[in-house]
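Okay, structure first, notes after.
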Amino acid sequence: MSLFRKKSIQTLLKESDNKGVGLKKELGAFDLTMLGIGAIIGTGIFVLTGVAAAEHAGPALVLSFVLSGLACVFAALCYAEFASSVPVSGSAYTYSYATFGELIAWILGWDLILEYGVAASAVAAGWSGYFQGLLAGFGIHFPTALTSAYNPEKGTFIDLPAILIVFVMTFLLTQGAKKSARFNTIMVIIKIAVVLLFIGVGVWYVKPDNWTPFMPFGFSGVATGAATVFFAYIGFDAVSTAAEEVKNPKRNMPIGIISSLAICTILYIVVSAILTGIVPYTELGVKNPVAFALNYIGQDWIAGFISLGAITGITTVLLVMMYGQTRLFYAISRDGLLPKVFSKVNSKTQTPLVNSWLIGLVVSFFAGVLPLSKLAELTNIGTLFAFIMVSIGILVLRKTQPNLKRGFMVPLVPLVPILAVLFCGYLVLQLPAVTWISFGIWLVIGLVIYFVYGRRHSNLNEANAGKKQAS
């Protein structure tokens with residue numbers, strides 16, 4: 001039963017307040033909303049929309065975003081209750097430690113490490129492509145060997161811009177949560193302005209004929225499209241990792257999670273409707289569909305602004321993904337399941353300094369050397385798995401701790417958590433077999449690490465050993 005030993009919520013809250021270990025509480029509801037939008041609007045709206053429309057859903061891409069959005073809304077309500085009740089770093093990992101026990105918490109934590117790590121590396125590589133495209137417009141070019149991941153056939157060996165942006169984001173993260181949030185807010189305002197510019201210009205060029213046939217690949221195509229664009233929504237998960245650095249988390253966490261998701265869902269639906277209304281869906285299989293649509297209608301100068309917006313958008317996604325990764329490592333390390341070096345906090349900035357630079361090195365390596373374009377599904381399966389466990393966790397916690405102080409409560413329990421499980425479960429079944437196999441291999445590696453290191457070094461294990469010696 002030691003595999004399922006639990007951490008009490010009182011212990012979690014006490015640890016987060018320890019001086020010298022805890023993180024600085026300086027974020028408000030607006031910071032959290034901007035953090036969520038920063039993570040959600042990026043690769044999804046500027047890259048994935050075109051491929052999902054061309055290959056899976058056609059004009060019914062709107063329904064794909066609605067389906068994914070519904071799955072996220074139900075899960076987001078569950079996250080909001082947990083985040084207001086247990087305002088501690090670690091997101092789904094921490095919630096699971098309190099509800100399901102250590103082994104399940106470790107599996108979820110290991111799963112989220114995959115989600116944030118792969119997402120950050122893939123996003124950095126995407127940022128590099130857009131950035132090089134922008135420089136090319138000014139006649140500036142990197143040497144071919146430094147432009148992309150290792151591929152001797154094309155003469156590329158390392159993606160230098162991807163590595164550089166990761167180091168810049170890492171440096172920013174080590175300067176404190178408030179400075180990172182301020183930078184993120186500026187970037188978010190720019191990219192929302194760019195998205196609104198596209199909507200304001202593009203709506204006048206929509207041809208309803210392009211929406212016919214509306215569902216060319218059938219509903220199965222809509223479902224596959226939903227599973228694909230789900231990558232676009234994973235950002236609100238990262239908001240919950242900030243819980244320990246939030247002023248008045250019982251109020252501000254639910255506002256940040258729900259408002260950022262609501263704003264982004266509306267923007268996604270409107271943009272996908274206009275996109276497929278401007279360009280026939282068969283022609284949208286490009287890497288920059290939003291800029292492509294404006295070029296398609298002859299608005300080349302606005303397309304340039306869109307490319308700039310894409311760069312700022314992807315920059316904030318990278319920042320928040322790396323932020324989530326550092327806070328996740330911090331929480332797992334503080335519990336003893338990973339080496340303690342990951343939970344050392346700098347006395348001046350009150351950020352996990354060594355943790356941030358180690359993660360920056362790993363992310364930059366994968367972004368610079370490995371082609372990660374096919375790993376979006378791997379990120380999705382990890383996220384969906386986490387959403388399902390958090391939703392089940394709400395049902396468990398309502399039974400086991402009915403008197404727990406909750407700043408926000410999920411309405412219509414058990415209906416909403418059950419709907420979250422069903423929607424996310426349906427989406428995860430749409431992912432290809434190779435994704436499931438890769439995910440299984442990753443979990444096996446995680447279990448080996450847990451049984452070799454984590455189980456013995458766990459704080460709960462050491463506490464139990466101390467009690468036995470005392471008796």
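Identifiers in the structure tokens: chain A, B, ... in order shown; residue index from 1 per chain; ligand index from 1 in order shown.
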
Find the residues near region 277-283 of chain A: any atom within 7 Å, counting only C-alpha atoms, skip ones fewer than 5 places away on the same chain, and give them as an MDAnalysis selection string.
-> chainID A and resid 53:54 58:59 205:208 210:211 293

Restricting the output to N, CA and C atoms, write the selected residues as a PDB file, in the first residue's frame.
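After the write, result-v9.pdb holds the following:
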```pdb
ATOM      1  N   ALA A  53      -7.852  21.557 -41.225  1.00  0.00           N
ATOM      2  CA  ALA A  53      -8.927  21.784 -42.198  1.00  0.00           C
ATOM      3  C   ALA A  53      -8.685  20.998 -43.485  1.00  0.00           C
ATOM      4  N   ALA A  54      -7.455  21.029 -43.997  1.00  0.00           N
ATOM      5  CA  ALA A  54      -7.135  20.390 -45.277  1.00  0.00           C
ATOM      6  C   ALA A  54      -7.182  18.865 -45.202  1.00  0.00           C
ATOM      7  N   GLY A  58     -12.135  19.875 -42.995  1.00  0.00           N
ATOM      8  CA  GLY A  58     -12.713  20.799 -43.961  1.00  0.00           C
ATOM      9  C   GLY A  58     -13.304  22.010 -43.244  1.00  0.00           C
ATOM     10  N   PRO A  59     -14.351  22.647 -43.802  1.00  0.00           N
ATOM     11  CA  PRO A  59     -14.974  23.803 -43.141  1.00  0.00           C
ATOM     12  C   PRO A  59     -15.546  23.464 -41.763  1.00  0.00           C
ATOM     13  N   TYR A 205     -13.973  39.167 -46.934  1.00  0.00           N
ATOM     14  CA  TYR A 205     -13.608  38.365 -48.103  1.00  0.00           C
ATOM     15  C   TYR A 205     -14.145  36.931 -48.022  1.00  0.00           C
ATOM     16  N   VAL A 206     -14.998  36.678 -47.046  1.00  0.00           N
ATOM     17  CA  VAL A 206     -15.566  35.331 -46.880  1.00  0.00           C
ATOM     18  C   VAL A 206     -16.560  35.040 -48.009  1.00  0.00           C
ATOM     19  N   LYS A 207     -16.398  33.874 -48.619  1.00  0.00           N
ATOM     20  CA  LYS A 207     -17.342  33.394 -49.633  1.00  0.00           C
ATOM     21  C   LYS A 207     -18.036  32.153 -49.081  1.00  0.00           C
ATOM     22  N   PRO A 208     -19.324  32.253 -48.759  1.00  0.00           N
ATOM     23  CA  PRO A 208     -20.045  31.109 -48.169  1.00  0.00           C
ATOM     24  C   PRO A 208     -19.935  29.827 -49.001  1.00  0.00           C
ATOM     25  N   ASN A 210     -17.380  28.522 -50.124  1.00  0.00           N
ATOM     26  CA  ASN A 210     -16.220  27.755 -49.659  1.00  0.00           C
ATOM     27  C   ASN A 210     -16.550  26.850 -48.473  1.00  0.00           C
ATOM     28  N   TRP A 211     -17.699  27.083 -47.835  1.00  0.00           N
ATOM     29  CA  TRP A 211     -18.110  26.239 -46.706  1.00  0.00           C
ATOM     30  C   TRP A 211     -18.879  25.005 -47.173  1.00  0.00           C
ATOM     31  N   ALA A 293      -3.813  32.973 -46.079  1.00  0.00           N
ATOM     32  CA  ALA A 293      -5.159  33.436 -46.451  1.00  0.00           C
ATOM     33  C   ALA A 293      -5.147  34.904 -46.854  1.00  0.00           C
TER      34      ALA A 293
END
```

Using only C-alpha atoms, which residues sit within 9 Å of Thr379 (chain A) once same-chain residues fewer than 6 positions away are excluded, as a list in words?
-> Leu112, Leu114, Glu115, Tyr116, Gly117, Val118, Ala119, Phe231 and Ile234 of chain A

Do you have the CA of Ala76 (chain A)-CA of Thr170 (chain A) distance handy?
->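 Distance reported for this atom pair: 27.4 Å.
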
Could you give me the residues within region 77-187 of chain A that DSSP places in strand (DSSP E or B), as a list of chain:residue names?
->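 DSSP-assigned strand (DSSP E or B) residues in region 77-187 of chain A: A:Thr147, A:Asn151, A:Thr156, A:Asp159.
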
Can you check which residues of region 176-331 of chain A DSSP gives as alpha helix (DSSP H) on the backbone and send them as a ChimeraX atom specification?
-> /A:177-202,218-229,235-240,249-278,289-296,300-331

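Nearest to Ile199 (chain A) of all the residues A:Leu275, A:Val246, A:Thr144, A:Ala262 is A:Leu275, based on only C-alpha atoms.
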
Min atom-atom distance to Leu384 (chain A) from the set A:Phe214, A:Thr312, A:Glu245, A:Ala75, counting only C-alpha atoms, belongs to A:Ala75

Between CA of Pro414 (chain A) and CA of Leu395 (chain A) - distance in Å to one decimal |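 Going from CA of Leu395 (chain A) over to CA of Pro414 (chain A) covers 6.7 Å.
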
Rank nothing, just name the residue among A:Leu134, A:Arg456, A:Arg327, A:Pro417 nearest to Ala303 (chain A), using only C-alpha atoms.
->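 Going through A:Leu134, A:Arg456, A:Arg327, A:Pro417 one by one, the smallest distance to Ala303 (chain A) is for A:Leu134.
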
Name all residues at most 9 Å from Gln132 (chain A) (count only C-alpha atoms; drop same-chain ones fewer than 4 positions away) and give them as a PDB file with N, CA, C and O atoms, in the first residue's frame.
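What landed in around_3.pdb:
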```pdb
ATOM      1  N   TRP A 127       9.012  28.296 -33.792  1.00  0.00           N
ATOM      2  CA  TRP A 127       9.416  29.700 -33.680  1.00  0.00           C
ATOM      3  C   TRP A 127      10.585  29.987 -34.623  1.00  0.00           C
ATOM      4  O   TRP A 127      10.621  31.017 -35.298  1.00  0.00           O
ATOM      5  N   SER A 128      11.534  29.057 -34.671  1.00  0.00           N
ATOM      6  CA  SER A 128      12.718  29.221 -35.517  1.00  0.00           C
ATOM      7  C   SER A 128      12.323  29.390 -36.986  1.00  0.00           C
ATOM      8  O   SER A 128      12.859  30.254 -37.694  1.00  0.00           O
ATOM      9  N   ALA A 136      14.428  36.491 -43.608  1.00  0.00           N
ATOM     10  CA  ALA A 136      14.614  36.324 -45.052  1.00  0.00           C
ATOM     11  C   ALA A 136      13.983  37.474 -45.831  1.00  0.00           C
ATOM     12  O   ALA A 136      14.477  37.864 -46.896  1.00  0.00           O
ATOM     13  N   GLY A 137      12.893  38.038 -45.265  1.00  0.00           N
ATOM     14  CA  GLY A 137      12.243  39.177 -45.916  1.00  0.00           C
ATOM     15  C   GLY A 137      13.141  40.407 -45.955  1.00  0.00           C
ATOM     16  O   GLY A 137      12.956  41.299 -46.790  1.00  0.00           O
ATOM     17  N   ILE A 140      18.286  38.565 -44.826  1.00  0.00           N
ATOM     18  CA  ILE A 140      19.225  37.987 -43.851  1.00  0.00           C
ATOM     19  C   ILE A 140      19.004  36.482 -43.767  1.00  0.00           C
ATOM     20  O   ILE A 140      17.868  36.020 -43.587  1.00  0.00           O
ATOM     21  N   HIS A 141      20.083  35.705 -43.883  1.00  0.00           N
ATOM     22  CA  HIS A 141      19.958  34.247 -43.873  1.00  0.00           C
ATOM     23  C   HIS A 141      21.029  33.622 -42.978  1.00  0.00           C
ATOM     24  O   HIS A 141      22.187  34.056 -42.987  1.00  0.00           O
ATOM     25  N   PHE A 142      20.623  32.617 -42.205  1.00  0.00           N
ATOM     26  CA  PHE A 142      21.582  31.824 -41.437  1.00  0.00           C
ATOM     27  C   PHE A 142      22.274  30.840 -42.372  1.00  0.00           C
ATOM     28  O   PHE A 142      21.696  30.433 -43.392  1.00  0.00           O
ATOM     29  N   THR A 147      20.232  26.004 -39.680  1.00  0.00           N
ATOM     30  CA  THR A 147      18.838  26.445 -39.841  1.00  0.00           C
ATOM     31  C   THR A 147      17.793  25.443 -39.377  1.00  0.00           C
ATOM     32  O   THR A 147      16.630  25.798 -39.199  1.00  0.00           O
ATOM     33  N   PRO A 161      18.630  29.099 -34.171  1.00  0.00           N
ATOM     34  CA  PRO A 161      17.633  30.043 -33.639  1.00  0.00           C
ATOM     35  C   PRO A 161      16.758  29.416 -32.549  1.00  0.00           C
ATOM     36  O   PRO A 161      16.412  30.086 -31.575  1.00  0.00           O
TER      37      PRO A 161
END
```
